[in-house]
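**Student:** Structure: final.txt, compact mmCIF, C-alpha atoms.
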# COMPACT_ATOMS: atom_id res chain seq x y z
CA ASN A 29 0.00 0.00 0.00
CA LEU A 30 1.85 3.06 -1.29
CA GLU A 31 -0.25 5.47 0.75
CA SER A 32 1.60 4.55 3.91
CA PHE A 33 5.03 5.10 2.34
CA VAL A 34 7.01 8.04 3.69
CA PRO A 35 10.03 9.11 1.61
CA SER A 36 13.45 9.43 3.20
CA LYS A 37 14.71 12.95 3.77
CA PRO A 38 16.54 14.54 0.83
CA MET A 39 20.30 14.61 1.32
CA ASN A 40 23.21 16.86 0.37
CA LEU A 41 21.28 20.09 -0.16
CA THR A 42 23.64 22.72 -1.46
CA TYR A 43 23.36 26.01 -3.33
CA VAL A 44 24.99 28.19 -5.92
CA PRO A 45 24.33 31.89 -5.30
CA SER A 46 24.20 34.50 -8.00
CA ALA A 47 23.33 38.18 -7.89
CA LYS A 48 19.72 37.67 -8.94
CA LYS A 49 18.88 34.03 -8.15
CA VAL A 50 19.69 31.15 -5.84
CA TYR A 51 20.21 27.72 -7.41
CA LEU A 52 19.43 24.85 -5.03
CA ILE A 53 20.66 21.34 -5.76
CA TRP A 54 20.30 18.15 -3.74
CA GLY A 55 20.69 14.41 -4.03
CA LYS A 56 18.01 12.44 -5.85
CA ASN A 57 15.91 10.36 -3.47
CA PRO A 58 16.32 6.58 -3.74
CA GLU A 59 12.55 5.98 -3.80
CA THR A 60 11.20 5.57 -7.31
CA TRP A 61 7.63 6.33 -6.23
CA ILE A 62 8.08 9.88 -4.96
CA LYS A 63 6.09 12.57 -6.74
CA GLY A 64 8.73 15.26 -6.42
CA TYR A 65 10.10 17.74 -3.95
CA ARG A 66 8.88 20.81 -2.07
CA ILE A 67 11.13 23.76 -1.39
CA TYR A 68 10.78 25.95 1.68
CA ARG A 69 12.40 29.28 2.51
CA LYS A 70 12.60 31.51 5.56
CA ARG A 71 14.12 34.94 5.18
CA GLU A 72 15.79 36.81 7.97
CA LEU A 73 13.09 38.69 9.94
CA GLU A 74 10.37 36.23 8.84
CA ALA A 75 8.82 34.11 11.56
CA GLU A 76 8.37 30.86 9.70
CA PHE A 77 9.23 28.85 6.62
CA LYS A 78 7.05 29.23 3.54
CA LEU A 79 6.56 26.79 0.68
CA ILE A 80 8.06 28.60 -2.32
CA GLY A 81 7.87 25.92 -4.97
CA GLU A 82 7.79 22.31 -6.08
CA SER A 83 10.09 20.43 -8.41
CA ILE A 84 10.10 17.03 -10.08
CA LEU A 85 13.90 17.10 -10.38
CA PRO A 86 16.33 17.58 -7.46
CA VAL A 87 17.03 21.17 -8.46
CA PHE A 88 15.21 24.46 -7.93
CA ILE A 89 15.85 28.09 -8.87
CA ASP A 90 14.63 30.79 -6.51
CA ASN A 91 14.16 33.77 -8.81
CA GLU A 92 13.66 36.31 -6.06
CA PRO A 93 16.85 38.30 -5.52
CA LEU A 94 18.35 37.81 -2.09
CA SER A 95 18.44 41.01 -0.05
CA LEU A 96 18.60 39.32 3.34
CA LYS A 97 20.00 36.08 4.64
CA ALA A 98 17.69 33.15 3.82
CA ILE A 99 17.41 29.57 5.02
CA TYR A 100 16.19 26.81 2.71
CA TYR A 101 15.22 23.19 3.12
CA VAL A 102 13.53 20.63 0.89
CA THR A 103 11.24 17.65 1.44
CA ALA A 104 10.42 14.68 -0.76
CA VAL A 105 6.74 14.13 -1.51
CA GLY A 106 5.25 10.64 -1.46
CA PRO A 107 1.76 9.47 -2.45
CA LYS A 108 0.24 10.91 0.75
CA LYS A 109 3.05 12.03 3.04
CA GLU A 110 6.01 14.37 2.93
CA SER A 111 9.43 13.36 4.20
CA ILE A 112 11.06 15.04 7.15
CA PRO A 113 12.99 18.15 6.08
CA SER A 114 16.47 17.94 4.59
CA ASP A 115 19.28 19.59 6.47
CA SER A 116 18.91 23.31 5.84
CA VAL A 117 21.31 25.66 4.11
CA ILE A 118 21.88 29.29 4.99
CA VAL A 119 22.41 31.58 2.02
CA HIS A 120 23.86 35.05 2.46
CA PRO A 121 23.26 37.75 -0.14
CA LEU A 122 26.14 38.40 -2.46
CA THR A 123 27.63 41.79 -1.72
CA GLU A 124 28.69 43.95 -4.60
CA PRO A 125 32.49 44.40 -4.74
In structure tokens, how does this file's structure come out?
**Tutor:**
Amino acid sequence: NLESFVPSKPMNLTYVPSAKKVYLIWGKNPETWIKGYRIYRKRELEAEFKLIGESILPVFIDNEPLSLKAIYYVTAVGPKKESIPSDSVIVHPLTEP
């Protein structure tokens, strides 16, 4: 019964910052039955994490320019349940030279 399956947490979340976007990359989950991934972000001064997008592939581009420090994590989505969160990454805005 797939409905009771809970995916393992996504591993190896990392990021590549740029001036206008943040590229998030993580390891592909071993489960073949997951439906994709959900990406969450909490900016400095915000109280809680918000769902900012979903992805089928283990990659996501946050197109909102980073003006403050932000924390990201991802979850894998199963037939009914979401995995526990990946380890989070803290992304600092790139400062102009």
**Student:** So how far away is CA of Asn29 in chain A from CA of Val87 in chain A, in Å?
**Tutor:**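 Going from CA of Val87 in chain A over to CA of Asn29 in chain A, I get 28.5 Å.
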**Student:** Please identify all polymer residues within 7 Å of range 90-101 of chain A, counting all atoms listed in the file, omitting same-chain residues fewer than 3 positions from it, and present them as a PyMOL selection string.
**Tutor:** chain A and resi 47-51+67-72+113-121
**Student:** Using all atoms listed in the file, give me every residue within 10 Å of (19.2, 11.1, 4.9) in file coordinates, as a PyMOL selection string.
**Tutor:** chain A and resi 35-40+55+57+112-115
**Student:** One number please: CA of Ile53 in chain A to CA of Pro86 in chain A, in Å, one decimal.
**Tutor:**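 Separating CA of Ile53 in chain A from CA of Pro86 in chain A is a distance of 6.0 Å.
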**Student:** Taking (8.1, 18.0, 0.8) as a centre in this file's frame and 9 Å as the limit, can you find every polymer residue with an atom that close, using only C-alpha atoms, and give them as a list in words?
**Tutor:**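 Within 9 Å of (8.1, 18.0, 0.8), the protein and nucleic acid residues are Lys37, Gly64, Tyr65, Arg66, Ile67, Tyr68, Leu79, Glu82, Val102, Thr103, Ala104, Val105, Gly106, Lys109, Glu110, Ser111, Ile112 and Pro113 of chain A.
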**Student:** Since we have the selection now, will you write its residues out, keeping C-alpha atoms, as a PDB file, keeping the file's coordinate frame?
**Tutor:**
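Here's the written file out.pdb:
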ATOM      1  CA  LYS A  37      14.710  12.950   3.770  1.00  0.00           C
ATOM      2  CA  GLY A  64       8.730  15.260  -6.420  1.00  0.00           C
ATOM      3  CA  TYR A  65      10.100  17.740  -3.950  1.00  0.00           C
ATOM      4  CA  ARG A  66       8.880  20.810  -2.070  1.00  0.00           C
ATOM      5  CA  ILE A  67      11.130  23.760  -1.390  1.00  0.00           C
ATOM      6  CA  TYR A  68      10.780  25.950   1.680  1.00  0.00           C
ATOM      7  CA  LEU A  79       6.560  26.790   0.680  1.00  0.00           C
ATOM      8  CA  GLU A  82       7.790  22.310  -6.080  1.00  0.00           C
ATOM      9  CA  VAL A 102      13.530  20.630   0.890  1.00  0.00           C
ATOM     10  CA  THR A 103      11.240  17.650   1.440  1.00  0.00           C
ATOM     11  CA  ALA A 104      10.420  14.680  -0.760  1.00  0.00           C
ATOM     12  CA  VAL A 105       6.740  14.130  -1.510  1.00  0.00           C
ATOM     13  CA  GLY A 106       5.250  10.640  -1.460  1.00  0.00           C
ATOM     14  CA  LYS A 109       3.050  12.030   3.040  1.00  0.00           C
ATOM     15  CA  GLU A 110       6.010  14.370   2.930  1.00  0.00           C
ATOM     16  CA  SER A 111       9.430  13.360   4.200  1.00  0.00           C
ATOM     17  CA  ILE A 112      11.060  15.040   7.150  1.00  0.00           C
ATOM     18  CA  PRO A 113      12.990  18.150   6.080  1.00  0.00           C
TER      19      PRO A 113
END
